[in-house]
2 protein chains.
Amino acid sequence: MSLISIERKVLQANDELAAENRNLFKQKKIFAINMISSPGSGKTSLIEQTISRMKHRMNIAVITGDIQTNLDAERIDKLSVPVVQIITNGGCHLDAGLVRNAFSEIQTHEIDLLIIENVGNLVCPSGYDLGEDCKIAVISVTEGDDKPLKYPAVFMNSEAVIINKTDLLPHLRCSVDTLRSNALSVQSKLGVFTTSCYSGEGLDAWLDWLDGRINNAGVEKND
Amino acid sequence: MSLISIERKVLQANDELAAENRNLFKQKKIFAINMISSPGSGKTSLIEQTISRMKHRMNIAVITGDIQTNLDAERIDKLSVPVVQIITNGGCHLDAGLVRNAFSEIQTHEIDLLIIENVGNLVCPSGYDLGEDCKIAVISVTEGDDKPLKYPAVFMNSEAVIINKTDLLPHLRCSVDTLRSNALSVQSKLGVFTTSCYSGEGLDAWLDWLDGRINNAGVEKND
């Protein structure tokens with residue numbers, strides 16, 4: 001586990017750096033996803049589950065962003081995959097330069113799938129290209145079924161949305177059907193997955209989609 | 001209900017405008033609170049409960065900010081208090097200029113308590129003074145008990161934190177004691193309230209605190 005602590009700053013030319021990241025990942029045949037959600041949607045648990053179920057058949061690495069603490073990296077580190085914690089010291093999103101610096105800490109590893117866990121924020125991260133192959137929105141059913149309408153950008157810019165913590169549905173006034181249709185009303189091509197890291201529900205469907213997406217991108221090293 | 005739709009822009013001199021707002025509120029003997037949380041923490045439900053339980057003894061108005069939609073203002077409007085919806089069109093926080101414009105829509109009303117519901121974002125709003133008397137952080141127990149450590153700024157800058165949705169605790173791996181102690185480790189003077197808008201638990205304690213805070217500020221018109 002590496003730790004990078006940065007001062008908050010506005011970086012210029014994010015898109016240029018993101019394009020460089022994208023070229024670098026392509027050259028190294030790395031498929032990269034950028035996971036975006038509010039705090040507490042269960043991103044880290046989803047990443048833990050994804051790693052546990054996929055790491056026997058591909059090499060996975062994680063870059064995780066937080067305002068403060070390296071709690072998330074400590075969790076991922078237990079799964080024995082390369083992980084870099086970016087502490088933004090107040091910064092509300094990751095940007096391409098931060099990801100580039102973090103990636104330099106792990107680039108000597110063999111990596112097939114790079115999972116970037118963004119800062120917990122449903123708003124700002126959606127506007128920053130990190131050089132990823134696709135953005136994945138995560139939303140917990142505890143947040144309410146109206147959220148895609150109120151925070152549309154992340155749903156507009158993502159390829160898939162994971163509706164998480166479905167084990168809590170019996171205790172909530174949240175309709176997954178409404179949440180799904182609100183997300184699809186923002187962007188009709190979204191892949192929609194309903195998952196619970198507690199019960200394991202829906203994780204296979206998410207992983208099948210991710211597998212397919214990686215295969216379609218043609219980044220596998222051993223074709 | 002009024003509706004203001006703005007283009008996202010970086011405003012200069014936010015602090016200067018916030019000071020002007022503060023003077024204006026003081027002159028009109030209005031106590032203003034700025035409620036900050038992630039999406040789906042239950043801010044709007046808390047505001048509904050606060051209004052329902054206090055409006056018989058003081059005049060309340062609401063300014064509510066969202067990236068898109070006026071769903072929140074529609075909910076508040078049903079309680080027959082003046083409400084202005086600010087749609088930020090992507091902007092991740094309210095600022096003093098937006099609040100000033102919104103306030104101009106309702107300033108002819110008699111107002112004792114102005115509740116400003118910020119955009120759902122635990123990060124960016126905490127850095128923007130709106131001219132409020134105090135910031136109130138809201139966090140749902142569904143978000144996890146580590147969040148004050150990972151997103152400390154809002155807890156640092158608030159006078160109180162409302163730990164909401166406690167009715168869900170039996171179904172979660174979240175310790176309210178840990179959440180409380182993590183919040184207090186960031187700022188030891190925080191008022192901490194645990195509430196459920198579903199069961200009504202803890203709302204009286206929050207309202208007692210708010211009443212006391214308003215009295216201490218000496219903004220009551222009929223002393």
# chains A, B, ... in the order shown; residues from 1 in each chain; ligands from 1
$ interface_residues --of "chain B" --to "chain A" --cutoff "8 Å" --atoms "only C-alpha atoms" --output "ChimeraX atom specification"
/B:38-41,66-69,90,92,121-124,142-144,147,149-153,168,171
$ calpha_fit_and_write --fixed "chain A" --moving "chain B" --output "short mmCIF file (atom, residue, chain, number, x, y, z; two decimals) with C-alpha atoms, in the first residue's frame"
data_model
loop_
_atom_site.label_atom_id
_atom_site.label_comp_id
_atom_site.auth_asym_id
_atom_site.auth_seq_id
_atom_site.Cartn_x
_atom_site.Cartn_y
_atom_site.Cartn_z
CA MET B 1 -0.04 0.01 0.05
CA SER B 2 1.26 3.42 -0.88
CA LEU B 3 0.10 6.75 0.48
CA ILE B 4 0.07 10.02 -1.45
CA SER B 5 -0.99 13.16 0.38
CA ILE B 6 -1.52 16.22 -1.79
CA GLU B 7 -2.49 19.85 -1.37
CA ARG B 8 -5.76 20.85 -2.94
CA LYS B 9 -5.23 22.71 -6.19
CA VAL B 10 -6.91 23.32 -9.44
CA LEU B 11 -5.05 21.46 -12.12
CA GLN B 12 -4.86 22.76 -15.64
CA ALA B 13 -5.32 20.68 -18.74
CA ASN B 14 -7.06 17.78 -17.04
CA ASP B 15 -8.34 16.47 -20.34
CA GLU B 16 -4.86 16.42 -21.85
CA LEU B 17 -3.53 14.44 -18.90
CA ALA B 18 -6.54 12.13 -19.05
CA ALA B 19 -5.79 11.40 -22.72
CA GLU B 20 -2.20 10.58 -21.77
CA ASN B 21 -3.45 8.26 -19.02
CA ARG B 22 -5.79 6.58 -21.51
CA ASN B 23 -2.92 5.99 -23.93
CA LEU B 24 -0.74 4.65 -21.14
CA PHE B 25 -3.45 2.23 -19.96
CA LYS B 26 -4.11 1.10 -23.55
CA GLN B 27 -0.41 0.53 -24.18
CA LYS B 28 -0.19 -1.57 -21.01
CA LYS B 29 -3.49 -3.36 -21.84
CA ILE B 30 -5.09 -2.17 -18.63
CA PHE B 31 -8.88 -1.75 -18.42
CA ALA B 32 -9.71 1.10 -16.04
CA ILE B 33 -13.00 1.93 -14.33
CA ASN B 34 -13.81 5.07 -12.36
CA MET B 35 -16.36 4.43 -9.60
CA ILE B 36 -18.38 7.46 -8.48
CA SER B 37 -20.94 7.82 -5.70
CA SER B 38 -21.93 9.71 -2.58
CA PRO B 39 -20.17 8.86 0.67
CA GLY B 40 -21.39 5.60 2.15
CA SER B 41 -23.00 4.06 -0.94
CA GLY B 42 -20.84 0.98 -0.48
CA LYS B 43 -18.18 1.57 -3.16
CA THR B 44 -15.40 0.05 -1.09
CA SER B 45 -17.48 -3.03 -0.24
CA LEU B 46 -18.33 -3.47 -3.94
CA ILE B 47 -14.66 -3.20 -4.82
CA GLU B 48 -13.78 -5.77 -2.15
CA GLN B 49 -16.37 -8.17 -3.58
CA THR B 50 -15.21 -7.51 -7.15
CA ILE B 51 -11.61 -8.22 -6.23
CA SER B 52 -12.42 -11.36 -4.21
CA ARG B 53 -14.44 -12.84 -7.06
CA MET B 54 -12.17 -11.84 -9.99
CA LYS B 55 -8.61 -11.87 -8.72
CA HIS B 56 -8.07 -15.57 -9.43
CA ARG B 57 -8.39 -14.90 -13.15
CA MET B 58 -6.98 -11.39 -13.63
CA ASN B 59 -4.56 -8.98 -11.97
CA ILE B 60 -6.36 -6.16 -10.23
CA ALA B 61 -5.05 -2.92 -8.74
CA VAL B 62 -6.86 -0.11 -6.96
CA ILE B 63 -6.41 3.65 -6.67
CA THR B 64 -8.69 5.04 -3.98
CA GLY B 65 -9.38 8.71 -3.25
CA ASP B 66 -10.50 10.23 0.02
CA ILE B 67 -10.58 13.68 1.55
CA GLN B 68 -8.83 12.31 4.63
CA THR B 69 -7.71 8.94 6.07
CA ASN B 70 -6.40 5.80 4.43
CA LEU B 71 -9.17 3.60 5.85
CA ASP B 72 -10.26 2.45 2.39
CA ALA B 73 -6.77 1.49 1.28
CA GLU B 74 -6.32 -0.46 4.51
CA ARG B 75 -9.43 -2.48 3.65
CA ILE B 76 -8.29 -3.16 0.07
CA ASP B 77 -4.76 -3.97 1.22
CA LYS B 78 -6.08 -6.99 3.11
CA LEU B 79 -6.99 -8.54 -0.26
CA SER B 80 -3.32 -8.53 -1.31
CA VAL B 81 -3.68 -6.43 -4.44
CA PRO B 82 -1.65 -3.29 -5.21
CA VAL B 83 -3.45 -0.25 -3.81
CA VAL B 84 -2.66 3.46 -3.66
CA GLN B 85 -4.51 5.85 -1.37
CA ILE B 86 -4.81 9.43 -2.60
CA ILE B 87 -5.66 11.85 0.23
CA THR B 88 -6.97 15.03 -1.36
CA ASN B 89 -6.91 17.16 1.81
CA GLY B 90 -10.25 18.72 1.02
CA GLY B 91 -10.30 18.26 -2.74
CA CYS B 92 -13.74 17.11 -3.83
CA HIS B 93 -12.77 14.88 -6.77
CA LEU B 94 -9.88 13.02 -8.32
CA ASP B 95 -8.32 14.40 -11.48
CA ALA B 96 -6.11 12.92 -14.16
CA GLY B 97 -2.89 14.26 -12.68
CA LEU B 98 -3.57 12.69 -9.30
CA VAL B 99 -4.34 9.38 -10.95
CA ARG B 100 -1.15 9.60 -13.01
CA ASN B 101 0.93 10.14 -9.87
CA ALA B 102 -0.83 7.34 -8.04
CA PHE B 103 -0.43 4.98 -10.99
CA SER B 104 3.33 5.58 -11.01
CA GLU B 105 3.41 3.88 -7.58
CA ILE B 106 1.98 0.62 -8.92
CA GLN B 107 2.92 0.56 -12.61
CA THR B 108 5.62 -2.05 -12.15
CA HIS B 109 2.89 -4.55 -11.24
CA GLU B 110 1.16 -6.65 -13.87
CA ILE B 111 -2.34 -5.10 -14.04
CA ASP B 112 -5.34 -6.14 -16.13
CA LEU B 113 -8.06 -4.21 -14.30
CA LEU B 114 -7.47 -0.88 -12.57
CA ILE B 115 -10.30 0.17 -10.27
CA ILE B 116 -10.31 3.87 -9.39
CA GLU B 117 -12.50 4.66 -6.39
CA ASN B 118 -13.30 8.35 -6.55
CA VAL B 119 -13.87 10.71 -3.60
CA GLY B 120 -17.36 10.26 -2.11
CA ASN B 121 -19.26 12.94 -4.00
CA LEU B 122 -22.08 12.46 -6.49
CA VAL B 123 -21.49 15.84 -8.12
CA CYS B 124 -17.96 17.01 -8.85
CA PRO B 125 -16.16 13.78 -9.90
CA SER B 126 -18.52 13.25 -12.84
CA GLY B 127 -16.98 16.18 -14.70
CA TYR B 128 -13.38 14.97 -14.53
CA ASP B 129 -12.01 12.49 -17.05
CA LEU B 130 -9.29 10.40 -15.43
CA GLY B 131 -8.42 8.41 -18.55
CA GLU B 132 -10.71 5.54 -17.55
CA ASP B 133 -12.46 3.21 -20.01
CA CYS B 134 -15.76 3.79 -18.29
CA LYS B 135 -17.37 5.47 -15.32
CA ILE B 136 -19.60 3.42 -13.01
CA ALA B 137 -22.15 5.20 -10.83
CA VAL B 138 -23.01 3.64 -7.49
CA ILE B 139 -26.08 4.59 -5.49
CA SER B 140 -27.46 3.10 -2.31
CA VAL B 141 -31.18 2.46 -2.02
CA THR B 142 -31.01 4.37 1.27
CA GLU B 143 -30.41 7.58 -0.71
CA GLY B 144 -33.89 7.57 -2.22
CA ASP B 145 -35.27 6.84 -5.67
CA ASP B 146 -35.33 10.49 -6.83
CA LYS B 147 -31.56 10.98 -6.86
CA PRO B 148 -30.87 10.32 -10.58
CA LEU B 149 -33.21 13.24 -11.38
CA LYS B 150 -31.58 15.55 -8.85
CA TYR B 151 -27.97 14.60 -9.66
CA PRO B 152 -28.14 13.66 -13.34
CA ALA B 153 -24.55 14.30 -14.49
CA VAL B 154 -23.01 11.15 -13.06
CA PHE B 155 -25.77 9.01 -14.57
CA MET B 156 -25.36 10.82 -17.91
CA ASN B 157 -21.61 10.14 -17.99
CA SER B 158 -21.56 6.55 -16.74
CA GLU B 159 -21.93 3.28 -18.63
CA ALA B 160 -23.56 1.47 -15.75
CA VAL B 161 -25.18 2.19 -12.40
CA ILE B 162 -25.00 -0.16 -9.45
CA ILE B 163 -27.98 0.17 -7.12
CA ASN B 164 -26.49 -1.12 -3.88
CA LYS B 165 -27.61 -2.18 -0.38
CA THR B 166 -30.78 -3.85 -1.69
CA ASP B 167 -30.93 -5.94 1.51
CA LEU B 168 -32.24 -2.79 3.21
CA LEU B 169 -35.21 -2.36 0.85
CA PRO B 170 -37.76 -3.97 3.19
CA HIS B 171 -37.07 -1.17 5.68
CA LEU B 172 -37.17 1.76 3.25
CA ARG B 173 -39.64 3.83 1.28
CA CYS B 174 -37.53 3.44 -1.86
CA SER B 175 -38.71 1.78 -5.05
CA VAL B 176 -35.94 0.13 -7.06
CA ASP B 177 -38.22 0.24 -10.12
CA THR B 178 -38.57 4.01 -9.74
CA LEU B 179 -34.85 4.41 -9.09
CA ARG B 180 -34.07 2.34 -12.21
CA SER B 181 -36.54 4.19 -14.42
CA ASN B 182 -35.31 7.56 -13.14
CA ALA B 183 -31.73 6.54 -13.98
CA LEU B 184 -32.78 5.31 -17.44
CA SER B 185 -34.74 8.51 -18.05
CA VAL B 186 -31.45 10.39 -17.67
CA GLN B 187 -29.59 7.97 -19.96
CA SER B 188 -31.39 5.10 -21.65
CA LYS B 189 -28.26 3.04 -22.41
CA LEU B 190 -27.17 2.65 -18.79
CA GLY B 191 -26.50 -0.85 -17.58
CA VAL B 192 -28.40 -1.18 -14.31
CA PHE B 193 -27.42 -3.67 -11.59
CA THR B 194 -29.02 -4.17 -8.20
CA THR B 195 -26.64 -5.54 -5.60
CA SER B 196 -26.15 -6.29 -1.94
CA CYS B 197 -22.65 -6.90 -0.65
CA TYR B 198 -24.31 -8.24 2.50
CA SER B 199 -26.38 -10.99 0.83
CA GLY B 200 -24.35 -11.25 -2.41
CA GLU B 201 -27.45 -10.56 -4.51
CA GLY B 202 -26.74 -9.28 -7.99
CA LEU B 203 -22.95 -9.37 -7.78
CA ASP B 204 -22.70 -12.10 -10.45
CA ALA B 205 -24.63 -9.97 -12.96
CA TRP B 206 -22.36 -6.98 -12.30
CA LEU B 207 -19.23 -9.11 -12.69
CA ASP B 208 -20.57 -10.71 -15.90
CA TRP B 209 -21.13 -7.24 -17.32
CA LEU B 210 -17.66 -6.12 -16.26
CA ASP B 211 -16.11 -9.25 -17.78
CA GLY B 212 -17.94 -8.63 -21.04
CA ARG B 213 -16.91 -4.99 -21.08
CA ILE B 214 -13.25 -5.90 -20.52
CA ASN B 215 -13.42 -8.51 -23.31
CA ASN B 216 -15.04 -6.06 -25.70
CA ALA B 217 -12.32 -3.55 -25.00
CA GLY B 218 -9.79 -6.16 -26.14
CA VAL B 219 -7.34 -5.40 -23.39
CA GLU B 220 -6.73 -8.99 -22.38
CA LYS B 221 -3.08 -9.85 -22.53
CA ASN B 222 -3.33 -13.54 -23.22
CA ASP B 223 -5.68 -13.73 -26.22
#
$ select_by_dssp --residues "range 27-193 of chain B" --states "alpha helix (DSSP H)" --output "ChimeraX atom specification"
/B:27,43-54,71-77,96-104,147-150,152-157,176-186
$ write_last_selection --atoms "N, CA and C atoms" --output "short mmCIF file (atom, residue, chain, number, x, y, z; two decimals), in the first residue's frame"
data_model
loop_
_atom_site.label_atom_id
_atom_site.label_comp_id
_atom_site.auth_asym_id
_atom_site.auth_seq_id
_atom_site.Cartn_x
_atom_site.Cartn_y
_atom_site.Cartn_z
N GLN B 27 -30.37 42.52 10.66
CA GLN B 27 -31.24 43.71 10.61
C GLN B 27 -32.72 43.31 10.62
N LYS B 43 -32.28 15.32 4.70
CA LYS B 43 -32.37 16.77 5.01
C LYS B 43 -33.79 17.29 4.82
N THR B 44 -34.38 16.97 3.69
CA THR B 44 -35.71 17.53 3.40
C THR B 44 -36.74 17.02 4.40
N SER B 45 -36.65 15.73 4.76
CA SER B 45 -37.57 15.19 5.77
C SER B 45 -37.36 15.89 7.12
N LEU B 46 -36.12 16.13 7.50
CA LEU B 46 -35.85 16.84 8.75
C LEU B 46 -36.42 18.25 8.71
N ILE B 47 -36.29 18.90 7.57
CA ILE B 47 -36.83 20.25 7.43
C ILE B 47 -38.35 20.23 7.52
N GLU B 48 -38.97 19.24 6.89
CA GLU B 48 -40.43 19.10 6.98
C GLU B 48 -40.86 18.94 8.45
N GLN B 49 -40.16 18.08 9.18
CA GLN B 49 -40.49 17.85 10.59
C GLN B 49 -40.26 19.11 11.42
N THR B 50 -39.18 19.81 11.13
CA THR B 50 -38.85 21.03 11.87
C THR B 50 -39.93 22.09 11.65
N ILE B 51 -40.34 22.22 10.40
CA ILE B 51 -41.39 23.20 10.09
C ILE B 51 -42.70 22.82 10.77
N SER B 52 -43.10 21.55 10.63
CA SER B 52 -44.39 21.11 11.18
C SER B 52 -44.48 21.36 12.68
N ARG B 53 -43.35 21.16 13.37
CA ARG B 53 -43.35 21.26 14.82
C ARG B 53 -43.08 22.66 15.33
N MET B 54 -42.57 23.58 14.50
CA MET B 54 -42.21 24.92 14.97
C MET B 54 -43.07 26.03 14.37
N LEU B 71 -38.14 19.16 -6.86
CA LEU B 71 -38.88 18.17 -6.04
C LEU B 71 -38.89 18.57 -4.57
N ASP B 72 -37.76 19.09 -4.07
CA ASP B 72 -37.70 19.45 -2.65
C ASP B 72 -38.62 20.62 -2.34
N ALA B 73 -38.60 21.62 -3.20
CA ALA B 73 -39.46 22.79 -2.96
C ALA B 73 -40.93 22.39 -3.01
N GLU B 74 -41.25 21.44 -3.89
CA GLU B 74 -42.65 20.98 -3.95
C GLU B 74 -43.07 20.35 -2.63
N ARG B 75 -42.15 19.61 -2.00
CA ARG B 75 -42.46 19.00 -0.71
C ARG B 75 -42.66 20.06 0.37
N ILE B 76 -41.74 21.04 0.40
CA ILE B 76 -41.83 22.10 1.43
C ILE B 76 -43.07 22.96 1.21
N ASP B 77 -43.40 23.18 -0.05
CA ASP B 77 -44.52 24.05 -0.40
C ASP B 77 -45.84 23.56 0.20
N ALA B 96 -23.08 32.61 -1.46
CA ALA B 96 -23.78 33.73 -0.85
C ALA B 96 -24.60 34.53 -1.85
N GLY B 97 -24.11 34.63 -3.08
CA GLY B 97 -24.84 35.37 -4.10
C GLY B 97 -26.14 34.68 -4.48
N LEU B 98 -26.08 33.37 -4.58
CA LEU B 98 -27.31 32.61 -4.90
C LEU B 98 -28.34 32.76 -3.79
N VAL B 99 -27.85 32.72 -2.56
CA VAL B 99 -28.77 32.86 -1.43
C VAL B 99 -29.37 34.27 -1.40
N ARG B 100 -28.54 35.26 -1.69
CA ARG B 100 -29.05 36.64 -1.75
C ARG B 100 -30.18 36.75 -2.77
N ASN B 101 -29.95 36.23 -3.96
CA ASN B 101 -30.98 36.30 -5.01
C ASN B 101 -32.25 35.57 -4.60
N ALA B 102 -32.06 34.40 -4.00
CA ALA B 102 -33.22 33.62 -3.57
C ALA B 102 -33.98 34.36 -2.47
N PHE B 103 -33.22 34.94 -1.55
CA PHE B 103 -33.86 35.65 -0.43
C PHE B 103 -34.71 36.82 -0.92
N SER B 104 -34.27 37.45 -2.00
CA SER B 104 -35.03 38.60 -2.52
C SER B 104 -36.44 38.19 -2.94
N LYS B 147 -17.50 8.16 8.42
CA LYS B 147 -17.56 9.32 7.53
C LYS B 147 -17.04 10.63 8.14
N PRO B 148 -17.23 10.91 9.44
CA PRO B 148 -16.65 12.16 9.96
C PRO B 148 -15.13 12.22 9.80
N LEU B 149 -14.47 11.06 9.86
CA LEU B 149 -13.01 11.03 9.69
C LEU B 149 -12.61 11.27 8.24
N LYS B 150 -13.45 10.75 7.32
CA LYS B 150 -13.10 10.84 5.90
C LYS B 150 -13.52 12.18 5.28
N PRO B 152 -13.96 15.47 7.05
CA PRO B 152 -14.00 16.22 8.31
C PRO B 152 -14.46 17.67 8.21
N ALA B 153 -14.32 18.30 7.04
CA ALA B 153 -14.53 19.76 6.97
C ALA B 153 -15.91 20.17 7.44
N VAL B 154 -16.94 19.44 7.01
CA VAL B 154 -18.30 19.86 7.36
C VAL B 154 -18.53 19.72 8.86
N PHE B 155 -17.89 18.74 9.48
CA PHE B 155 -18.05 18.55 10.92
C PHE B 155 -17.24 19.60 11.68
N MET B 156 -16.13 20.02 11.09
CA MET B 156 -15.30 21.08 11.68
C MET B 156 -16.04 22.41 11.68
N ASN B 157 -16.82 22.66 10.62
CA ASN B 157 -17.41 23.99 10.43
C ASN B 157 -18.84 24.10 10.94
N VAL B 176 -23.72 3.98 16.27
CA VAL B 176 -23.95 5.40 16.53
C VAL B 176 -22.91 5.94 17.50
N ASP B 177 -22.49 5.13 18.47
CA ASP B 177 -21.46 5.58 19.41
C ASP B 177 -20.16 5.91 18.68
N THR B 178 -19.79 5.04 17.74
CA THR B 178 -18.57 5.30 16.96
C THR B 178 -18.74 6.53 16.08
N LEU B 179 -19.90 6.64 15.45
CA LEU B 179 -20.17 7.79 14.59
C LEU B 179 -20.07 9.08 15.42
N ARG B 180 -20.71 9.07 16.61
CA ARG B 180 -20.68 10.24 17.48
C ARG B 180 -19.24 10.56 17.91
N SER B 181 -18.51 9.54 18.34
CA SER B 181 -17.15 9.83 18.83
C SER B 181 -16.24 10.25 17.69
N ASN B 182 -16.45 9.71 16.49
CA ASN B 182 -15.67 10.18 15.34
C ASN B 182 -15.98 11.65 15.03
N ALA B 183 -17.26 12.01 15.11
CA ALA B 183 -17.64 13.41 14.86
C ALA B 183 -17.01 14.32 15.93
N LEU B 184 -17.07 13.89 17.18
CA LEU B 184 -16.53 14.72 18.27
C LEU B 184 -15.01 14.77 18.24
N SER B 185 -14.39 13.74 17.65
CA SER B 185 -12.93 13.77 17.54
C SER B 185 -12.49 14.83 16.53
N VAL B 186 -13.38 15.13 15.57
CA VAL B 186 -13.08 16.19 14.61
C VAL B 186 -13.31 17.56 15.25
#
$ select_by_dssp --residues "range 33-113 of chain B" --states "strand (DSSP E)" --output "PDB file with C-alpha atoms, in the first residue's frame"
ATOM      1  CA  ILE B  33     -29.208  27.849   9.370  1.00  0.00           C
ATOM      2  CA  ASN B  34     -27.332  26.164   6.528  1.00  0.00           C
ATOM      3  CA  MET B  35     -27.981  22.412   6.389  1.00  0.00           C
ATOM      4  CA  ILE B  36     -25.278  20.332   4.702  1.00  0.00           C
ATOM      5  CA  ILE B  60     -40.240  29.910   8.869  1.00  0.00           C
ATOM      6  CA  ALA B  61     -38.996  30.178   5.280  1.00  0.00           C
ATOM      7  CA  VAL B  62     -36.854  27.822   3.232  1.00  0.00           C
ATOM      8  CA  ILE B  63     -34.276  28.214   0.471  1.00  0.00           C
ATOM      9  CA  THR B  64     -33.445  24.831  -1.039  1.00  0.00           C
ATOM     10  CA  GLY B  65     -30.645  24.065  -3.494  1.00  0.00           C
ATOM     11  CA  ASP B  66     -30.492  21.223  -5.979  1.00  0.00           C
ATOM     12  CA  VAL B  83     -39.897  28.459  -0.215  1.00  0.00           C
ATOM     13  CA  VAL B  84     -37.443  29.206  -3.020  1.00  0.00           C
ATOM     14  CA  GLN B  85     -35.843  26.467  -5.100  1.00  0.00           C
ATOM     15  CA  ILE B  86     -32.376  27.225  -6.456  1.00  0.00           C
ATOM     16  CA  ILE B  87     -31.441  24.929  -9.356  1.00  0.00           C
ATOM     17  CA  LEU B 113     -36.123  31.279  10.954  1.00  0.00           C
TER      18      LEU B 113
END
